[in-house]
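Asks: Sending over coords_28.cif (mmCIF, C-alpha atoms).
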```cif
data_structure
loop_
_atom_site.label_atom_id
_atom_site.label_comp_id
_atom_site.auth_asym_id
_atom_site.auth_seq_id
_atom_site.Cartn_x
_atom_site.Cartn_y
_atom_site.Cartn_z
CA MET U 1 -8.99 -7.03 5.23
CA ARG U 2 -10.92 -10.05 6.34
CA PHE U 3 -14.63 -10.46 5.86
CA GLN U 4 -17.41 -12.99 5.53
CA LEU U 5 -20.41 -12.48 3.30
CA LEU U 6 -23.40 -14.57 4.35
CA CYS U 7 -25.07 -16.59 1.65
CA THR U 8 -28.82 -16.04 1.32
CA ALA U 9 -31.19 -18.68 0.01
CA GLY U 10 -31.34 -16.93 -3.38
CA PHE U 11 -27.57 -16.74 -3.61
CA ALA U 12 -27.30 -20.43 -2.76
CA ALA U 13 -29.74 -21.13 -5.59
CA ALA U 14 -27.57 -19.13 -7.97
CA ILE U 15 -24.54 -21.17 -6.98
CA ALA U 16 -26.47 -24.39 -7.45
CA PHE U 17 -27.61 -23.24 -10.88
CA ALA U 18 -24.10 -22.29 -12.00
CA MET U 19 -22.62 -25.50 -10.66
CA SER U 20 -25.10 -27.51 -12.69
CA ALA U 21 -24.17 -25.75 -15.93
CA GLU U 22 -22.32 -28.18 -18.20
CA ALA U 23 -20.06 -25.43 -19.55
CA GLN U 24 -18.51 -24.68 -16.15
CA PRO U 25 -16.34 -26.92 -13.96
CA SER U 26 -18.19 -27.83 -10.79
CA SER U 27 -15.53 -26.20 -8.61
CA GLN U 28 -15.45 -22.86 -10.42
CA PRO U 29 -18.42 -21.06 -8.84
CA GLN U 30 -17.14 -21.96 -5.39
CA SER U 31 -14.01 -19.98 -6.25
CA CYS U 32 -15.95 -16.69 -6.24
CA THR U 33 -15.17 -15.77 -2.64
CA GLY U 34 -14.00 -12.17 -2.76
CA LYS U 35 -11.35 -13.19 -0.21
CA PRO U 36 -7.66 -14.11 -0.37
CA GLY U 37 -6.87 -17.80 -0.60
CA VAL U 38 -8.10 -18.43 -4.13
CA ASP U 39 -6.21 -17.10 -7.16
CA TRP U 40 -7.70 -13.71 -8.01
CA ASN U 41 -7.83 -14.33 -11.77
CA GLN U 42 -9.64 -17.59 -11.07
CA GLN U 43 -12.08 -15.65 -8.92
CA VAL U 44 -12.77 -13.23 -11.77
CA LYS U 45 -13.74 -16.18 -14.00
CA ALA U 46 -15.80 -17.86 -11.29
CA CYS U 47 -17.68 -14.69 -10.39
CA THR U 48 -18.29 -13.94 -14.05
CA ALA U 49 -19.89 -17.37 -14.48
CA LEU U 50 -22.26 -16.66 -11.61
CA ILE U 51 -23.04 -13.14 -12.82
CA GLU U 52 -23.87 -14.43 -16.29
CA ALA U 53 -26.19 -17.01 -14.74
CA ALA U 54 -28.30 -14.02 -13.61
CA GLN U 55 -29.98 -15.91 -10.79
CA GLY U 56 -31.09 -14.76 -7.36
CA SER U 57 -32.38 -11.47 -5.98
CA PRO U 58 -30.86 -8.07 -6.85
CA GLN U 59 -29.03 -8.18 -3.52
CA ASP U 60 -27.56 -11.60 -4.36
CA ARG U 61 -26.37 -10.43 -7.76
CA ALA U 62 -24.99 -7.25 -6.20
CA ALA U 63 -22.93 -9.42 -3.87
CA LEU U 64 -21.43 -11.22 -6.88
CA TYR U 65 -20.45 -7.95 -8.53
CA LYS U 66 -18.89 -6.82 -5.25
CA LYS U 67 -16.83 -10.02 -5.03
CA ARG U 68 -15.64 -9.66 -8.60
CA ALA U 69 -14.76 -6.03 -7.91
CA THR U 70 -12.52 -7.25 -5.09
CA ALA U 71 -10.80 -9.67 -7.45
CA TYR U 72 -10.35 -7.08 -10.19
CA PHE U 73 -8.86 -4.64 -7.69
CA ALA U 74 -6.48 -7.29 -6.41
CA VAL U 75 -5.09 -7.89 -9.90
CA GLY U 76 -4.68 -4.17 -10.53
CA ASP U 77 -7.69 -3.48 -12.75
CA ASP U 78 -9.14 -0.42 -11.02
CA ASP U 79 -11.47 0.46 -13.87
CA ARG U 80 -13.27 -2.89 -13.94
CA ALA U 81 -13.33 -2.96 -10.15
CA MET U 82 -15.04 0.43 -10.09
CA ALA U 83 -17.51 -0.64 -12.79
CA ASP U 84 -18.47 -3.71 -10.75
CA ASP U 85 -18.88 -1.69 -7.56
CA ASP U 86 -21.11 0.70 -9.51
CA ALA U 87 -23.16 -2.26 -10.77
CA ALA U 88 -23.47 -3.60 -7.22
CA ILE U 89 -24.75 -0.25 -5.98
CA ARG U 90 -27.27 0.00 -8.81
CA LEU U 91 -28.63 -3.40 -7.83
CA ASP U 92 -28.47 -2.72 -4.10
CA PRO U 93 -28.13 0.99 -3.24
CA ASN U 94 -27.81 0.06 0.44
CA MET U 95 -24.71 -2.13 0.01
CA ALA U 96 -22.31 -0.33 2.32
CA ALA U 97 -19.39 -2.61 1.40
CA ALA U 98 -19.54 -1.49 -2.25
CA TYR U 99 -19.22 2.18 -1.26
CA SER U 100 -16.30 1.27 0.99
CA SER U 101 -14.71 -0.65 -1.89
CA ARG U 102 -15.00 2.42 -4.13
CA GLY U 103 -13.24 4.32 -1.36
CA ASP U 104 -10.37 1.83 -1.54
CA ILE U 105 -10.09 2.37 -5.29
CA TYR U 106 -9.94 6.15 -4.85
CA MET U 107 -7.24 5.62 -2.23
CA ASP U 108 -5.28 3.59 -4.75
CA ARG U 109 -5.70 6.51 -7.16
CA GLU U 110 -4.35 8.86 -4.48
CA ASP U 111 -7.61 10.78 -4.25
CA PRO U 112 -8.30 10.86 -0.48
CA ASP U 113 -11.11 13.41 -0.72
CA ARG U 114 -13.24 11.22 -2.97
CA ALA U 115 -12.26 8.20 -0.90
CA ILE U 116 -13.55 9.89 2.25
CA ALA U 117 -16.83 10.71 0.48
CA GLU U 118 -17.25 7.01 -0.37
CA TYR U 119 -16.42 5.88 3.17
CA ASN U 120 -18.92 8.44 4.48
CA ALA U 121 -21.57 6.95 2.19
CA ALA U 122 -20.71 3.46 3.40
CA LEU U 123 -21.14 4.52 7.02
CA GLN U 124 -24.46 6.18 6.24
CA HIS U 125 -25.72 2.78 5.13
CA ASP U 126 -23.95 0.83 7.88
CA ALA U 127 -22.69 2.83 10.84
CA LYS U 128 -20.95 -0.27 12.20
CA LEU U 129 -18.89 -1.13 9.11
CA VAL U 130 -15.45 -1.42 10.66
CA VAL U 131 -13.53 -1.46 7.38
CA ALA U 132 -15.08 1.85 6.36
CA TYR U 133 -13.61 3.38 9.52
CA THR U 134 -10.19 1.85 8.91
CA GLY U 135 -10.32 2.89 5.26
CA ARG U 136 -11.30 6.44 6.17
CA SER U 137 -8.53 6.47 8.77
CA ALA U 138 -6.02 5.71 6.00
CA ALA U 139 -7.55 8.45 3.83
CA TYR U 140 -7.15 10.97 6.64
CA ASP U 141 -3.56 9.81 7.02
CA GLN U 142 -3.02 10.58 3.35
CA LYS U 143 -4.40 14.08 3.95
CA SER U 144 -2.09 14.48 6.99
CA ASP U 145 -5.16 14.81 9.21
CA PHE U 146 -3.86 12.45 11.85
CA ASP U 147 -6.29 13.43 14.59
CA HIS U 148 -9.24 12.31 12.47
CA ALA U 149 -7.29 9.23 11.39
CA LEU U 150 -6.75 8.30 15.03
CA ALA U 151 -10.40 8.97 15.86
CA ASP U 152 -11.58 6.64 13.09
CA ALA U 153 -9.17 3.90 14.15
CA ASN U 154 -10.44 4.24 17.72
CA ALA U 155 -14.02 3.99 16.43
CA ALA U 156 -13.12 0.79 14.55
CA ILE U 157 -11.60 -0.72 17.69
CA GLY U 158 -14.66 0.31 19.68
CA LEU U 159 -16.85 -1.58 17.23
CA ASP U 160 -14.60 -4.64 17.00
CA ALA U 161 -11.86 -5.01 19.60
CA LYS U 162 -10.77 -8.19 17.81
CA SER U 163 -10.01 -6.47 14.50
CA ALA U 164 -6.29 -6.69 13.84
CA SER U 165 -6.69 -4.25 10.96
CA ALA U 166 -8.16 -1.65 13.31
CA TYR U 167 -5.13 -1.86 15.58
CA GLU U 168 -2.85 -1.66 12.56
CA ALA U 169 -4.69 1.48 11.42
CA ARG U 170 -4.32 3.05 14.84
CA GLY U 171 -0.66 2.10 14.96
CA LYS U 172 -0.07 3.96 11.70
CA ALA U 173 -1.86 7.06 12.96
CA TYR U 174 0.25 6.95 16.13
CA ILE U 175 3.44 6.73 14.08
CA TYR U 176 2.46 9.77 12.02
CA LYS U 177 1.76 11.63 15.25
CA GLY U 178 5.20 10.66 16.53
CA ASP U 179 3.97 8.27 19.23
CA ILE U 180 6.11 5.25 18.41
CA ALA U 181 5.59 3.49 21.74
CA HIS U 182 1.80 3.36 21.31
CA ALA U 183 2.23 2.31 17.69
CA LEU U 184 4.37 -0.66 18.69
CA ALA U 185 1.87 -1.60 21.40
CA ASP U 186 -0.93 -1.63 18.83
CA TYR U 187 1.10 -3.77 16.45
CA ASP U 188 1.75 -6.23 19.28
CA GLN U 189 -1.99 -6.38 19.92
CA ALA U 190 -2.68 -6.94 16.22
CA MET U 191 -0.20 -9.82 16.27
CA ARG U 192 -1.95 -11.42 19.24
CA ILE U 193 -5.32 -11.12 17.51
CA ASP U 194 -4.22 -12.46 14.14
CA PRO U 195 -0.95 -14.44 14.28
CA LYS U 196 -1.42 -15.34 10.60
CA GLU U 197 -0.56 -11.73 9.70
CA VAL U 198 2.94 -11.94 11.15
CA ALA U 199 4.63 -10.90 7.90
CA GLU U 200 2.58 -7.73 7.57
CA ILE U 201 2.75 -6.79 11.26
CA TYR U 202 6.49 -7.41 11.62
CA ASN U 203 6.92 -5.16 8.60
CA LEU U 204 4.95 -2.42 10.35
CA GLN U 205 7.02 -2.90 13.49
CA GLY U 206 10.17 -2.56 11.42
CA LEU U 207 8.95 0.74 10.02
CA ALA U 208 8.24 1.96 13.54
CA TYR U 209 11.80 1.10 14.57
CA MET U 210 13.05 2.99 11.51
CA GLU U 211 11.26 6.04 12.89
CA LYS U 212 13.09 5.63 16.17
CA GLY U 213 16.37 5.35 14.30
CA ASP U 214 16.85 1.84 15.70
CA LEU U 215 18.18 0.24 12.53
CA ALA U 216 19.23 -3.01 14.22
CA ARG U 217 15.74 -3.72 15.52
CA ALA U 218 14.29 -2.65 12.20
CA VAL U 219 16.44 -5.20 10.37
CA THR U 220 15.38 -7.89 12.85
CA ALA U 221 11.68 -7.08 12.41
CA PHE U 222 11.91 -7.05 8.62
CA SER U 223 13.77 -10.37 8.77
CA GLU U 224 10.92 -11.83 10.84
CA SER U 225 8.50 -10.52 8.24
CA ALA U 226 10.43 -12.31 5.50
CA ARG U 227 10.55 -15.46 7.60
CA GLY U 228 6.79 -15.32 8.04
CA ASP U 229 6.30 -14.99 4.28
CA PRO U 230 9.32 -15.45 1.99
CA GLN U 231 7.37 -13.71 -0.78
CA GLU U 232 6.59 -10.60 1.31
CA PHE U 233 7.86 -7.82 -0.94
CA ASP U 234 7.78 -5.12 1.74
CA ALA U 235 10.02 -7.13 4.04
CA TYR U 236 12.89 -7.09 1.56
CA PHE U 237 12.26 -3.60 0.21
CA ASN U 238 12.19 -2.06 3.68
CA ARG U 239 15.04 -4.19 5.04
CA GLY U 240 17.10 -2.98 2.12
CA ARG U 241 16.71 0.59 3.32
CA ALA U 242 17.53 -0.36 6.92
CA ASN U 243 20.63 -2.23 5.78
CA LEU U 244 21.63 0.66 3.52
CA TYR U 245 21.61 3.17 6.36
CA ALA U 246 23.25 0.68 8.71
CA GLY U 247 26.15 0.50 6.24
CA ALA U 248 25.48 -3.11 5.20
CA LEU U 249 25.56 -2.30 1.50
CA THR U 250 25.97 -5.85 0.20
CA LYS U 251 22.96 -6.98 2.22
CA ALA U 252 21.00 -3.96 1.00
CA MET U 253 21.69 -4.84 -2.63
CA GLU U 254 20.67 -8.45 -2.01
CA ASP U 255 17.40 -7.28 -0.46
CA TYR U 256 16.55 -4.99 -3.34
CA LYS U 257 17.33 -7.70 -5.89
CA ARG U 258 15.00 -10.06 -4.03
CA ALA U 259 12.28 -7.39 -3.94
CA ILE U 260 12.64 -6.84 -7.69
CA ALA U 261 12.39 -10.58 -8.33
CA ILE U 262 9.13 -10.71 -6.36
CA THR U 263 7.56 -7.59 -7.92
CA PRO U 264 9.54 -6.67 -11.05
CA GLY U 265 7.20 -3.85 -12.05
CA TYR U 266 7.49 -1.83 -8.84
CA PRO U 267 9.63 1.19 -9.81
CA TYR U 268 11.11 2.20 -6.46
CA ALA U 269 13.06 -0.97 -5.78
CA PRO U 270 15.27 -0.39 -8.87
CA LEU U 271 15.87 3.19 -7.71
CA TRP U 272 17.01 2.08 -4.26
CA LEU U 273 19.12 -0.70 -5.74
CA ASP U 274 20.84 1.93 -7.88
CA ILE U 275 21.50 4.05 -4.79
CA ALA U 276 23.04 1.05 -3.02
CA GLU U 277 25.11 0.13 -6.07
CA ALA U 278 26.44 3.69 -6.40
CA ARG U 279 27.49 3.73 -2.74
CA SER U 280 29.14 0.35 -3.18
CA LYS U 281 30.92 1.64 -6.30
CA LYS U 282 29.34 -1.19 -8.24
CA PRO U 283 28.27 -0.90 -11.89
CA SER U 284 24.68 0.21 -12.22
CA THR U 285 22.14 -2.41 -13.26
CA LEU U 286 19.31 0.11 -13.44
CA GLN U 287 18.77 -0.18 -17.19
CA GLN U 288 18.36 -3.94 -16.89
CA VAL U 289 16.12 -4.11 -13.82
CA ILE U 290 13.55 -1.59 -15.11
CA ALA U 291 12.53 -3.88 -17.98
CA LYS U 292 9.03 -4.36 -16.54
CA VAL U 293 8.59 -0.87 -15.09
CA ASP U 294 5.97 1.35 -16.75
CA MET U 295 8.09 4.26 -17.95
CA THR U 296 5.07 6.35 -18.90
CA LYS U 297 4.25 7.04 -15.24
CA TRP U 298 5.89 8.62 -12.23
CA PRO U 299 8.62 8.03 -11.01
CA ALA U 300 9.91 7.48 -14.56
CA PRO U 301 11.46 10.99 -14.60
CA VAL U 302 13.51 10.08 -11.50
CA ILE U 303 14.67 6.87 -13.17
CA ARG U 304 15.66 8.84 -16.27
CA MET U 305 17.67 11.23 -14.08
CA TYR U 306 19.58 8.27 -12.65
CA LEU U 307 20.17 7.06 -16.21
CA GLY U 308 21.62 10.46 -17.08
CA GLN U 309 18.72 11.34 -19.37
CA MET U 310 17.10 14.17 -17.34
CA LYS U 311 18.30 17.02 -15.14
CA PRO U 312 17.00 17.50 -11.57
CA ALA U 313 15.17 20.69 -12.54
CA ALA U 314 13.28 18.82 -15.25
CA VAL U 315 12.38 16.07 -12.77
CA LEU U 316 10.97 18.66 -10.37
CA ALA U 317 8.93 20.20 -13.18
CA ALA U 318 7.61 16.77 -14.15
CA ALA U 319 6.46 16.21 -10.55
CA ASP U 320 3.62 18.70 -10.96
CA ASP U 321 0.14 17.18 -11.04
CA PRO U 322 -3.43 18.55 -10.82
CA ASN U 323 -4.12 16.02 -8.06
CA ALA U 324 -2.88 17.78 -4.91
CA ALA U 325 -2.04 14.55 -3.07
CA LYS U 326 -0.05 13.19 -6.01
CA ARG U 327 1.72 16.51 -6.52
CA ALA U 328 2.81 16.67 -2.88
CA GLY U 329 4.18 13.13 -3.01
CA GLN U 330 5.92 13.56 -6.34
CA VAL U 331 7.52 16.88 -5.37
CA CYS U 332 8.72 15.22 -2.18
CA GLU U 333 10.28 12.39 -4.15
CA ALA U 334 11.78 14.73 -6.74
CA ASN U 335 13.62 16.59 -3.97
CA PHE U 336 14.77 13.47 -2.13
CA TYR U 337 16.02 11.55 -5.16
CA SER U 338 17.62 14.69 -6.58
CA GLY U 339 19.42 14.98 -3.24
CA GLU U 340 20.68 11.43 -3.68
CA TRP U 341 21.79 12.30 -7.20
CA ALA U 342 23.63 15.41 -5.96
CA LEU U 343 25.31 13.34 -3.26
CA ARG U 344 26.77 10.91 -5.77
CA GLN U 345 27.98 13.86 -7.87
CA GLY U 346 29.87 15.18 -4.85
CA ALA U 347 27.60 18.22 -4.48
CA LYS U 348 27.11 17.95 -0.72
CA ASP U 349 25.61 21.41 -0.24
CA ASP U 350 22.96 20.75 -2.90
CA ALA U 351 22.22 17.37 -1.33
CA VAL U 352 21.81 18.88 2.13
CA ARG U 353 19.47 21.55 0.76
CA GLN U 354 17.26 19.07 -1.07
CA PHE U 355 17.18 16.60 1.81
CA GLY U 356 16.18 19.49 4.06
CA VAL U 357 13.28 20.36 1.76
CA ALA U 358 12.21 16.71 1.76
CA VAL U 359 12.30 16.44 5.55
CA HIS U 360 10.01 19.43 5.99
CA ALA U 361 7.76 19.05 2.95
CA CYS U 362 7.32 15.31 2.42
CA PRO U 363 3.96 13.84 3.44
CA LYS U 364 4.47 11.74 6.54
CA THR U 365 3.03 8.75 4.72
CA LEU U 366 6.09 8.50 2.45
CA ILE U 367 9.41 6.86 3.30
CA GLU U 368 11.41 9.63 1.65
CA GLY U 369 10.95 12.04 4.56
CA ASN U 370 12.46 9.58 7.02
CA ALA U 371 15.18 8.67 4.52
CA ALA U 372 16.08 12.34 4.06
CA ALA U 373 16.39 12.74 7.84
CA LEU U 374 18.75 9.76 7.99
CA GLU U 375 20.80 11.25 5.15
CA LEU U 376 21.09 14.60 6.93
CA LYS U 377 22.17 12.85 10.12
CA ALA U 378 24.84 10.93 8.22
CA LEU U 379 26.02 14.19 6.65
CA GLY U 380 26.19 15.85 10.07
CA ALA U 381 23.43 18.27 9.12
CA GLY U 382 20.78 17.15 11.66
CA GLY U 383 17.16 17.08 10.54
CA SER U 384 14.14 15.02 11.41
CA GLY U 385 11.52 13.25 9.41
CA ILE U 386 9.00 10.49 9.46
CA GLY U 387 8.61 7.55 7.19
CA LYS U 388 5.87 5.46 5.76
CA ALA U 389 3.99 3.07 8.02
CA SER U 390 2.33 1.22 5.18
CA GLY U 391 4.20 0.05 2.10
CA ASN U 392 2.76 1.66 -1.06
CA THR U 393 3.41 -1.35 -3.20
CA SER U 394 1.71 -3.44 -5.70
CA GLU U 395 1.24 -6.04 -2.92
CA ASP U 396 -1.23 -3.82 -1.09
CA ARG U 397 -4.13 -4.15 -3.46
CA VAL U 398 -6.72 -6.16 -1.52
CA PRO U 399 -9.47 -3.66 -0.66
CA HIS U 400 -11.32 -3.36 2.59
CA GLN U 401 -14.56 -5.33 2.64
#
```
Any chance you could give the structure as structure tokens?
Replies:
Amino acid sequence: MRFQLLCTAGFAAAIAFAMSAEAQPSSQPQSCTGKPGVDWNQQVKACTALIEAAQGSPQDRAALYKKRATAYFAVGDDDRAMADDDAAIRLDPNMAAAYSSRGDIYMDREDPDRAIAEYNAALQHDAKLVVAYTGRSAAYDQKSDFDHALADANAAIGLDAKSASAYEARGKAYIYKGDIAHALADYDQAMRIDPKEVAEIYNLQGLAYMEKGDLARAVTAFSESARGDPQEFDAYFNRGRANLYAGALTKAMEDYKRAIAITPGYPYAPLWLDIAEARSKKPSTLQQVIAKVDMTKWPAPVIRMYLGQMKPAAVLAAADDPNAAKRAGQVCEANFYSGEWALRQGAKDDAVRQFGVAVHACPKTLIEGNAAALELKALGAGGSGIGKASGNTSEDRVPHQ
């Protein structure tokens, strides 16, 4: 997720032109970096100023569109990000990074097939573009093609042995293949390469420990993630689950409340808080904490079930989707959360059945499979599953470059 775009003479001239414009603050154009560290909305404005200046070669202007696409994607505006990547490619059809960026957008839309096509195009234009390999590795993960995911992560490491992201990608592929020891080794290597990413990497380590069923180490790793970045949403969201299954219900509720405070629109944290509250025999706060959740999108049907407004069968029907990847994930979640609902109704046999379906049918990239396995173990019903090695949260919106 780190990159550096060299500034050509024409691009430097464009910056100089924009900085001299009386209508723009002198610092604004310098804020168009396409990298973390400058507020993304500020980057949108800065890049727009440079684009409107219309200076430099087509390649220079394409680079500006690509940077603005990165900023739009980071603030959640997929449509404008895609439009800017398209504009960049029209100006410079050989810009591999723009194709890779479109792949990231398709990944965000849960369309791994189109994402892979974009990463393929990126690699046709630049066979050494590491982030296209790591992006394609993630897309193969989403398709449950873990051998290809591992191969792409290995290719990325072969091209850049100092890429922390490449080791992270390989660690995820190893987890999905059930090789936790190699996954942890790769995360350790990523930490050595880029100590600044401690929050993200400790989070990944925590998820690996969840796979091993080592809840104590998972809690410790997630706590280190939170210590590295007190605003790291995944640290609290994932620690909440570890605390929940370790029986530390009060701590679980505190974690979910903190996660909601950091990212109030993320719908799964309220669901897990409700699960923890029900187990603690506390009054539900679900209606209050979903104030900023978009109830026109999945998993709104699951939330409505927990509010007593929908039946499990209706939730399962609502999980259908023409996008195969989305449908698989939503059906998985419908079964798992319906199992949780059955459990709180005292219908243990129904819960065991639905958790069993989730264990065997959930994509390995979702936490619900691992959670269902932990539920079956607690119920004395056995089972095995695998969880999610990369948080699917609103925090993960900075595309590969």
Asks: Which residues, written as a ChimeraX atom specification, have at least one atom at most 9 Å from region 369-372 of chain U, with only C-alpha atoms counted and residues fewer than 3 positions away on the same chain left out?
Replies: /U:210-211,241,245,332-333,336,339,352,354-366,375-377,383-388
Asks: Interatomic distance between CA of Leu316 (chain U) and CA of Arg279 (chain U)?
Replies: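 Taking CA of Leu316 (chain U) and CA of Arg279 (chain U), their separation equals 23.5 Å.
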Asks: Set the distance at 8 Å and use all atoms listed in the file: which residues neighbour region 198-201 of chain U once local chain neighbours fewer than 6 positions away are removed? I'd like the list as JSON, numbers by chain.
Replies: {"U": [168, 187, 190, 191, 224, 225, 226, 227, 228, 229, 232, 235]}
Asks: Enumerate, as number ranges by chain, the residues matched when the PyMOL selection byres ((chain U and resi 78) around 10) is run on the file above.
Replies: U: 69-70, 72-77, 79-84, 102, 104-106, 108-109, 397
Asks: What is the CA of Tyr337 (chain U) to CA of Ala269 (chain U) distance in Å?
Replies: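 Rounded to one decimal, the two atoms are 12.9 Å apart.
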Asks: Can you work out the spacing between CA of Gly265 (chain U) and CA of Trp298 (chain U) in Å, to one decimal?
Replies: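 Pair CA of Gly265 (chain U) / CA of Trp298 (chain U) returns 12.5 Å.
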Asks: Do a neighbour search on Ala149 (chain U) at 10 Å with only C-alpha atoms, toss out local chain neighbours closer than 4 positions, and write the hits as a list in words.
Replies: Tyr133, Thr134, Gly135, Arg136, Ser137, Ala138, Ala139, Tyr140, Asp141, Gln142, Lys143, Ser144, Asp145, Ala153, Asn154, Ala155, Ala169, Arg170, Lys172, Ala173, Tyr174 and Tyr176 of chain U
Asks: Expand the PyMOL selection byres ((chain U and resi 323-326) around 8) into the individual residues it matches in the shown file, reporting them as an mmCIF file with C-alpha atoms, in the frame of the given file.
Replies:
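For reference, expr-v6.cif as written:
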```cif
data_model
loop_
_atom_site.group_PDB
_atom_site.id
_atom_site.type_symbol
_atom_site.label_atom_id
_atom_site.label_comp_id
_atom_site.auth_asym_id
_atom_site.auth_seq_id
_atom_site.Cartn_x
_atom_site.Cartn_y
_atom_site.Cartn_z
ATOM 1 C CA GLU U 110 -4.350 8.860 -4.480
ATOM 2 C CA ASP U 111 -7.610 10.780 -4.250
ATOM 3 C CA PRO U 112 -8.300 10.860 -0.480
ATOM 4 C CA GLN U 142 -3.020 10.580 3.350
ATOM 5 C CA LYS U 143 -4.400 14.080 3.950
ATOM 6 C CA ASP U 321 0.140 17.180 -11.040
ATOM 7 C CA PRO U 322 -3.430 18.550 -10.820
ATOM 8 C CA ARG U 327 1.720 16.510 -6.520
ATOM 9 C CA ALA U 328 2.810 16.670 -2.880
ATOM 10 C CA GLY U 329 4.180 13.130 -3.010
ATOM 11 C CA GLN U 330 5.920 13.560 -6.340
#
```
Asks: Taking 5 positions as the minimum chain separation for residues in the same chain, which residues sit within 10 Å of Lys292 (chain U) when counting all atoms listed in the file? Answer as a PDB file with C-alpha atoms, keeping the file's coordinate frame.
Replies:
```pdb
ATOM      1  CA  ILE U 260      12.640  -6.840  -7.690  1.00  0.00           C
ATOM      2  CA  THR U 263       7.560  -7.590  -7.920  1.00  0.00           C
ATOM      3  CA  PRO U 264       9.540  -6.670 -11.050  1.00  0.00           C
ATOM      4  CA  GLY U 265       7.200  -3.850 -12.050  1.00  0.00           C
ATOM      5  CA  TYR U 266       7.490  -1.830  -8.840  1.00  0.00           C
ATOM      6  CA  PRO U 267       9.630   1.190  -9.810  1.00  0.00           C
TER       7      PRO U 267
END
```
Asks: Taking into account all atoms listed in the file, which residue in the set U:Met310, U:Ala164, U:Tyr65, U:Gly171 is nearest to Pro195 (chain U)?
Replies: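 With all atoms listed in the file as the atom set, the closest residue is U:Ala164.
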Asks: For the file shown, what are the residues hit by the PyMOL selection byres ((chain U and resi 258) around 12), laid out as a ChimeraX atom specification?
Replies: /U:226,230-240,251-257,259-264,269-270,273,289
Asks: Using all atoms listed in the file, which residue out of U:Ala96, U:Ala54, U:Ile157, U:Ala218 lies closest to Asp186 (chain U)?
Replies: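 Under the stated criterion, the closest residue is U:Ile157.
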Asks: Box time for region 265-283 of chain U: axis-aligned, enclosing all its listed atoms, 6 Å extra on each side; report centre and edge lengths in Å to one decimal, as JSON.
Replies:
```
{"center_x": 19.1, "center_y": 0.1, "center_z": -7.4, "size_x": 35.7, "size_y": 19.9, "size_z": 21.3}
```
Asks: Please return, as a PDB file with C-alpha atoms, in the frame of the given file, all polymer residues that have at least one atom within 7 Å of the point (16.4, 17.1, -13.2); use all atoms listed in the file and the file's own coordinate frame.
Replies:
```
ATOM      1  CA  MET U 305      17.670  11.230 -14.080  1.00  0.00           C
ATOM      2  CA  MET U 310      17.100  14.170 -17.340  1.00  0.00           C
ATOM      3  CA  LYS U 311      18.300  17.020 -15.140  1.00  0.00           C
ATOM      4  CA  PRO U 312      17.000  17.500 -11.570  1.00  0.00           C
ATOM      5  CA  ALA U 313      15.170  20.690 -12.540  1.00  0.00           C
ATOM      6  CA  ALA U 314      13.280  18.820 -15.250  1.00  0.00           C
ATOM      7  CA  VAL U 315      12.380  16.070 -12.770  1.00  0.00           C
ATOM      8  CA  LEU U 316      10.970  18.660 -10.370  1.00  0.00           C
TER       9      LEU U 316
END
```
Asks: Counting only C-alpha atoms, figure out which residue out of U:Gly213, U:Tyr167, U:Thr285, U:Val38 gets nearest to Asp194 (chain U).
Replies: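 Among U:Gly213, U:Tyr167, U:Thr285, U:Val38, it is U:Tyr167 that comes nearest to Asp194 (chain U).
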Asks: Considering all atoms listed in the file, return as a PyMOL selection string whatever protein or nucleic-acid residues lie within 8 Å of Ile175 (chain U), sequence-local ones (same chain, fewer than 4 positions apart) excluded.
Replies: chain U and resi 171+179-180+183+208+211+389
